[in-house]
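Here is the structure we will look at.
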Amino acid sequence: MLRKLFSILAILLVSGHSLASNFVIGNMCFEVLDENEHTASLAVCWDKGETVDIPGYVEWKGQRYRVVEIATLAMRNCPSMKNLNIPQTCEKIKTTALYYSSKLEVIHVAEENAIYSDVDGVLFSKDQHTLYFYPQGRVKETYYVPNGVTTIADYAFFKNERLKTLHFPNSLMYIGQMACAGCHSLNNITLPENIAEVGSYAFYDCDSLMNVKVTGTTPFKLGEHSFSYLTCLNGELLLNGSAGPKIAEEFRKYGFLKVGFY
C-alpha cells in the first residue's frame with residue numbers, strides 16, 4: 001500500500017499537480033480544478049483492467065465534483081487497457097493524456113458529450129472536423145481518415161507501430177506537430193491538394209517511409225524537422241505535374257532525392 005501511495009505521489013509531482021487538491025477514489029486520482037464550480041480533473045489512473053470507465057462525477061468530503069478533464073499522461077499506468085469510455089462531462093483531454101497506451105484499441109465517447117465524439121473507436125471533435133487520437137493498439141495496417149476532417153491534431157498517430165498506409169481526405173488542411181512521429185511501419189502517404197501546413201516533427205523518425213505523393217500545386221508550410229530522421233534516404237517524392245519547383249526543393253532537404261511527376 002505504501003509503495004502504491006509513493007508511486008502516486010511521484011507521478012503527481014512529475015506531472016505538476018498540486019498535492020493539496022488531490023484525492024483518490026478506487027484506482028483513480030483526481031485533482032480539484034475549481035471549488036466554486038465543483039469541477040475536477042482525472043490526474044492519474046492505474047486501472048489494470050482491459051476496460052476503463054472514467055466517471056462523469058465523483059464525491060469527496062461530501063462534495064460532488066464534475067469530471068471535466070483528462071490530464072497530461074493520466075492514462076500511462078493502465079498497461080492492459082484496450083477500451084476507454086469517456087463521459088458526457090469531459091470537456092478537455094490534454095494532448096498527451098493517452099500517451100503510452102500501447103494496447104488501447106477502442107475509444108468510446110458518451111453520445112451526449114458536447115466536445116468530443118468517436119468514429120469506429122477513434123477520437124474526434126464533436127463536429128468530426130478534427131481527429132484527436134488514433135488508439136495505439138489498433139492492429140489495422142491501413143486507415144482512411146474520414147472525408148470532412150480538416151485537422152490532424154498534435155500526436156494523433158504518435159508511435160503507432162502497425163500502420164503502413166494513411167489515406168488523407170482532400171478536406172485535410174493541417175497536420176499537427178508530432179502527429180505521425182515514430183510510426184515505424186508507415187511506408188507511404190499522400191498529402192492532399194488542400195494541405196496548408198505540415199507541423200513540426202509531424203513525420204519525424206518514420207523510418208520506413210519510402211513514398212510521399214503531393215497532389216496539390218500550391219506551396220504549403222513544412223514545419224521544422226517535419227520529415228527528419230528518415231533512414232530511407234532514397235525515398236521517392238511524387239509531385240503533381242503542375243507543382244512548382246519550390247515544393248520539390250522543400251522536400252529535398254529531408255533526403256528525398258528521387259523526385260518524379262505524375
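In the C-alpha cells, each chain is lettered A, B, ... as it comes, each chain's residues begin at 1, and ligands are numbered from 1 in order of appearance.
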Which residues of region 47-77 of chain A come within 12 Å of region 105-126 of chain A, and what is each one's closest atom pair and distance in Å (one decimal), counting only C-alpha atoms, sorted by chain and residue number, as a tab-separated table?
```
residue	atom	partner	partner_atom	distance
A:Glu50	CA	A:Glu105	CA	10.0
A:Thr51	CA	A:Val106	CA	9.5
A:Val52	CA	A:Ile107	CA	9.9
A:Asp53	CA	A:His108	CA	9.6
A:Ile54	CA	A:Val109	CA	10.3
A:Pro55	CA	A:Ala110	CA	11.0
A:Gly56	CA	A:Ala110	CA	10.0
A:Val68	CA	A:Asn113	CA	10.6
A:Glu69	CA	A:Ile115	CA	11.4
```
Neighbouring residues of region 36-44 of chain A were defined as those with any atom within 8 Å, considering only C-alpha atoms; residues of the same chain fewer than 4 positions away were excluded. Please report them as a PyMOL selection string.
chain A and resi 8+11-12+17+28-32+63-75+77
With only C-alpha atoms as the counted atoms, please give the residues lying no more than 12 Å from region 181-189 of chain A, apart from itself and same-chain residues fewer than 5 positions off, as a PyMOL selection string.
chain A and resi 134+136+139-145+154-169+175-176+198-215+225-232+235-238
Residue nearest Gln88 (chain A) - candidates A:Lys48, A:Tyr57, A:Leu239, A:Glu197, atoms counted: only C-alpha atoms
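Closest residue, counting only C-alpha atoms: A:Tyr57.
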Taking the DSSP assignment computed from this structure's backbone, write out as a PyMOL selection string all residues of region 7-137 of chain A that belong to strand (DSSP E).
chain A and resi 22-25+28-34+39-45+51-53+57-60+63-70+83-86+92-93+106-109+116-119+122-125+130-133
